[in-house]
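Here's work_29.pdb, which has PDB, C-alpha atoms, pLDDT in the B column:
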```
MODEL        1
ATOM      1  CA  MET W   1      56.506 -82.641  59.611  1.00 85.00           C
ATOM      2  CA  SER W   2      56.346 -79.788  57.134  1.00 94.00           C
ATOM      3  CA  PRO W   3      54.031 -80.066  54.133  1.00 93.00           C
ATOM      4  CA  GLN W   4      57.019 -79.696  51.783  1.00 94.00           C
ATOM      5  CA  ARG W   5      58.820 -82.605  53.387  1.00 95.00           C
ATOM      6  CA  LEU W   6      55.705 -84.761  53.182  1.00 95.00           C
ATOM      7  CA  VAL W   7      55.302 -84.095  49.445  1.00 95.00           C
ATOM      8  CA  LEU W   8      59.010 -84.779  48.944  1.00 94.00           C
ATOM      9  CA  GLU W   9      58.558 -88.144  50.653  1.00 96.00           C
ATOM     10  CA  HIS W  10      55.576 -88.954  48.422  1.00 96.00           C
ATOM     11  CA  VAL W  11      57.440 -88.055  45.230  1.00 96.00           C
ATOM     12  CA  THR W  12      60.685 -89.801  46.184  1.00 95.00           C
ATOM     13  CA  SER W  13      59.177 -92.906  47.744  1.00 96.00           C
ATOM     14  CA  ARG W  14      60.099 -96.237  46.227  1.00 94.00           C
ATOM     15  CA  TRP W  15      56.834 -96.567  44.336  1.00 97.00           C
ATOM     16  CA  GLY W  16      56.185 -92.846  43.848  1.00 97.00           C
ATOM     17  CA  VAL W  17      59.318 -92.485  41.737  1.00 96.00           C
ATOM     18  CA  LEU W  18      58.408 -95.442  39.548  1.00 96.00           C
ATOM     19  CA  VAL W  19      54.790 -94.329  39.100  1.00 98.00           C
ATOM     20  CA  LEU W  20      55.834 -90.821  38.081  1.00 98.00           C
ATOM     21  CA  ILE W  21      58.405 -92.093  35.584  1.00 96.00           C
ATOM     22  CA  ARG W  22      55.966 -94.582  34.021  1.00 97.00           C
ATOM     23  CA  LEU W  23      53.130 -92.080  33.783  1.00 98.00           C
ATOM     24  CA  GLN W  24      55.462 -89.523  32.212  1.00 97.00           C
ATOM     25  CA  GLU W  25      55.570 -91.779  29.149  1.00 95.00           C
ATOM     26  CA  ARG W  26      51.767 -91.948  28.752  1.00 97.00           C
ATOM     27  CA  PRO W  27      48.562 -92.678  30.707  1.00 98.00           C
ATOM     28  CA  HIS W  28      48.214 -96.224  32.059  1.00 98.00           C
ATOM     29  CA  ARG W  29      45.440 -98.396  33.375  1.00 96.00           C
ATOM     30  CA  PHE W  30      45.968 -99.750  36.884  1.00 95.00           C
ATOM     31  CA  SER W  31      46.821-103.324  35.860  1.00 94.00           C
ATOM     32  CA  GLU W  32      49.116-102.108  33.105  1.00 96.00           C
ATOM     33  CA  LEU W  33      50.903 -99.778  35.510  1.00 96.00           C
ATOM     34  CA  ARG W  34      51.305-102.548  38.063  1.00 96.00           C
ATOM     35  CA  ARG W  35      52.729-104.887  35.428  1.00 96.00           C
ATOM     36  CA  THR W  36      55.250-102.349  34.103  1.00 95.00           C
ATOM     37  CA  ILE W  37      56.439-101.386  37.578  1.00 95.00           C
ATOM     38  CA  GLY W  38      56.681-104.986  38.781  1.00 93.00           C
ATOM     39  CA  ARG W  39      56.846-106.353  42.334  1.00 94.00           C
ATOM     40  CA  VAL W  40      54.397-103.829  43.772  1.00 96.00           C
ATOM     41  CA  SER W  41      51.341-105.082  45.605  1.00 96.00           C
ATOM     42  CA  GLU W  42      47.898-103.952  44.527  1.00 95.00           C
ATOM     43  CA  LYS W  43      47.401-102.303  47.920  1.00 97.00           C
ATOM     44  CA  MET W  44      50.697-100.388  47.755  1.00 98.00           C
ATOM     45  CA  LEU W  45      50.089 -99.178  44.216  1.00 97.00           C
ATOM     46  CA  THR W  46      46.579 -98.064  45.151  1.00 97.00           C
ATOM     47  CA  GLN W  47      47.909 -96.129  48.156  1.00 98.00           C
ATOM     48  CA  THR W  48      50.673 -94.544  46.087  1.00 98.00           C
ATOM     49  CA  LEU W  49      48.278 -93.464  43.343  1.00 98.00           C
ATOM     50  CA  GLN W  50      45.806 -92.043  45.881  1.00 98.00           C
ATOM     51  CA  THR W  51      48.574 -90.113  47.630  1.00 98.00           C
ATOM     52  CA  LEU W  52      49.915 -88.678  44.380  1.00 98.00           C
ATOM     53  CA  GLU W  53      46.368 -87.854  43.268  1.00 98.00           C
ATOM     54  CA  ARG W  54      45.716 -86.045  46.549  1.00 98.00           C
ATOM     55  CA  ASP W  55      48.940 -84.050  46.069  1.00 98.00           C
ATOM     56  CA  GLY W  56      47.708 -82.983  42.623  1.00 98.00           C
ATOM     57  CA  LEU W  57      50.328 -84.944  40.677  1.00 98.00           C
ATOM     58  CA  VAL W  58      48.178 -87.753  39.261  1.00 98.00           C
ATOM     59  CA  HIS W  59      44.784 -87.578  37.553  1.00 98.00           C
ATOM     60  CA  ARG W  60      42.382 -90.518  37.868  1.00 98.00           C
ATOM     61  CA  ASP W  61      39.929 -90.833  34.998  1.00 97.00           C
ATOM     62  CA  ALA W  62      37.161 -93.335  35.796  1.00 94.00           C
ATOM     63  CA  ARG W  63      34.938 -94.041  32.804  1.00 91.00           C
ATOM     64  CA  PRO W  64      31.453 -95.472  33.347  1.00 90.00           C
ATOM     65  CA  VAL W  65      31.716 -98.336  30.882  1.00 91.00           C
ATOM     66  CA  ILE W  66      31.406-102.086  31.279  1.00 91.00           C
ATOM     67  CA  PRO W  67      33.830-103.313  32.396  1.00 88.00           C
ATOM     68  CA  PRO W  68      34.829-100.151  34.291  1.00 86.00           C
ATOM     69  CA  ARG W  69      37.910 -98.421  32.893  1.00 90.00           C
ATOM     70  CA  VAL W  70      40.206 -96.271  34.997  1.00 94.00           C
ATOM     71  CA  ASP W  71      43.192 -94.488  33.500  1.00 97.00           C
ATOM     72  CA  TYR W  72      45.911 -92.684  35.406  1.00 98.00           C
ATOM     73  CA  SER W  73      47.891 -89.789  33.963  1.00 98.00           C
ATOM     74  CA  LEU W  74      50.059 -86.970  35.207  1.00 98.00           C
ATOM     75  CA  THR W  75      48.784 -83.470  35.794  1.00 98.00           C
ATOM     76  CA  GLY W  76      50.914 -80.475  34.810  1.00 98.00           C
ATOM     77  CA  LEU W  77      52.348 -80.477  38.319  1.00 98.00           C
ATOM     78  CA  GLY W  78      52.970 -84.209  38.025  1.00 98.00           C
ATOM     79  CA  HIS W  79      54.905 -83.735  34.782  1.00 98.00           C
ATOM     80  CA  GLU W  80      57.129 -81.176  36.520  1.00 97.00           C
ATOM     81  CA  ALA W  81      57.803 -83.577  39.403  1.00 98.00           C
ATOM     82  CA  ALA W  82      58.395 -86.495  37.018  1.00 98.00           C
ATOM     83  CA  GLU W  83      61.008 -84.477  35.101  1.00 97.00           C
ATOM     84  CA  GLN W  84      62.924 -83.868  38.326  1.00 96.00           C
ATOM     85  CA  VAL W  85      62.685 -87.496  39.424  1.00 95.00           C
ATOM     86  CA  ARG W  86      63.680 -88.757  35.980  1.00 95.00           C
ATOM     87  CA  ALA W  87      66.758 -86.489  36.020  1.00 96.00           C
ATOM     88  CA  LEU W  88      67.822 -88.064  39.305  1.00 93.00           C
ATOM     89  CA  ALA W  89      67.161 -91.567  37.958  1.00 92.00           C
ATOM     90  CA  LEU W  90      69.265 -90.817  34.863  1.00 95.00           C
ATOM     91  CA  TRP W  91      72.056 -89.422  37.023  1.00 96.00           C
ATOM     92  CA  THR W  92      72.150 -92.621  39.090  1.00 94.00           C
ATOM     93  CA  GLU W  93      72.264 -94.668  35.899  1.00 95.00           C
ATOM     94  CA  GLN W  94      75.104 -92.575  34.461  1.00 97.00           C
ATOM     95  CA  ARG W  95      77.125 -92.513  37.677  1.00 98.00           C
ATOM     96  CA  MET W  96      76.561 -96.075  38.866  1.00 97.00           C
ATOM     97  CA  ASP W  97      80.143 -97.140  38.075  1.00 97.00           C
ATOM     98  CA  ASP W  98      81.428 -94.349  40.333  1.00 97.00           C
ATOM     99  CA  VAL W  99      79.022 -95.336  43.092  1.00 97.00           C
ATOM    100  CA  LEU W 100      80.088 -98.983  42.866  1.00 97.00           C
ATOM    101  CA  ALA W 101      83.779 -97.972  42.983  1.00 97.00           C
ATOM    102  CA  ALA W 102      83.114 -95.804  46.038  1.00 98.00           C
ATOM    103  CA  ARG W 103      81.291 -98.665  47.759  1.00 97.00           C
ATOM    104  CA  GLN W 104      84.145-101.051  47.053  1.00 97.00           C
ATOM    105  CA  ALA W 105      86.739 -98.567  48.364  1.00 96.00           C
ATOM    106  CA  TYR W 106      84.649 -97.984  51.486  1.00 97.00           C
ATOM    107  CA  ASP W 107      84.173-101.712  52.129  1.00 96.00           C
ATOM    108  CA  GLU W 108      87.887-102.420  51.634  1.00 96.00           C
ATOM    109  CA  ALA W 109      88.927 -99.579  53.960  1.00 95.00           C
ATOM    110  CA  ARG W 110      86.479-100.747  56.578  1.00 95.00           C
ATOM    111  CA  ARG W 111      87.627-104.365  56.278  1.00 93.00           C
ATOM    112  CA  THR W 112      91.269-103.252  56.630  1.00 93.00           C
ATOM    113  CA  ARG W 113      90.414-101.102  59.661  1.00 90.00           C
ATOM    114  CA  ASP W 114      88.473-103.965  61.282  1.00 88.00           C
ATOM    115  CA  GLU W 115      91.313-106.428  60.635  1.00 86.00           C
ATOM    116  CA  ALA W 116      93.807-104.001  62.215  1.00 87.00           C
ATOM    117  CA  ARG W 117      91.692-103.871  65.381  1.00 85.00           C
ATOM    118  CA  THR W 118      91.499-107.655  65.719  1.00 76.00           C
ATOM    119  CA  PRO W 119      94.257-108.944  68.052  1.00 72.00           C
TER     120      PRO W 119
ENDMDL
END
```

Can the structure from this file be put into structure tokens for me?
Amino acid sequence: MSPQRLVLEHVTSRWGVLVLIRLQERPHRFSELRRTIGRVSEKMLTQTLQTLERDGLVHRDARPVIPPRVDYSLTGLGHEAAEQVRALALWTEQRMDDVLAARQAYDEARRTRDEARTP
């Protein structure tokens, strides 16, 4: 697999998209990020953050205080990626009615075709 494709998979993964969009707003602590994303396991969020950090998109700032404080933010590269992902997310939001209409037309055509085949 090419390196470009691998990064594309990281950025467009289910959790990668949500992390980038949330961190575009402002830095978040881990628990705060997990809460705002919702329905992501601690393990999956950790893996996603580590992957995005390794790709240079996320910065992890661990502060040596008690209790330990770790903040996650986007790097310059991460902001660029988040802008692209957010544009796609906005497009899906704006065009959802068209997508739903297309799905309904597809399902109806398929149902009609299947009924025509049934003796």

Pairwise distance for CA of Ala62 in chain W and CA of Pro3 in chain W, rounded to one decimal in Å: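 We find that CA of Ala62 in chain W and CA of Pro3 in chain W lie 28.2 Å from each other.
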
Using all atoms listed in the file: which of W:Leu45, W:Val7, W:Leu57, W:Ala89 has the shortest distance to Leu77 in chain W: W:Leu57

Within 10 Å of file point (44.6, -98.1, 36.2), counting all atoms listed in the file, expressed as a PyMOL selection string: chain W and resi 27-34+45-46+49+60-62+69-73

Selection under test: the PyMOL selection byres ((chain W and resi 55) around 10); residues as a PyMOL selection string: chain W and resi 6-7+10-11+49-54+56-58+77-78

Nearest to Glu83 in chain W by atom-to-atom distance, counting all atoms listed in the file, from W:Thr12, W:Ala116, W:Leu20, W:Met1: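 Checking each candidate against Glu83 in chain W, we get W:Leu20 as the closest.
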
d(CA of Val19 in chain W, CA of Leu90 in chain W) in Å: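 One can read the CA of Val19 in chain W to CA of Leu90 in chain W distance as 15.5 Å.
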
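Candidate residues W:Leu23, W:Ser2, W:Trp15, W:Ala101 were compared for distance to Glu80 in chain W, and the nearest is W:Leu23, using only C-alpha atoms.
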
Interatomic distance (Å, one decimal) between CA of Thr118 in chain W and CA of Arg103 in chain W: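 Spanning CA of Thr118 in chain W to CA of Arg103 in chain W is a straight-line distance of 22.5 Å.
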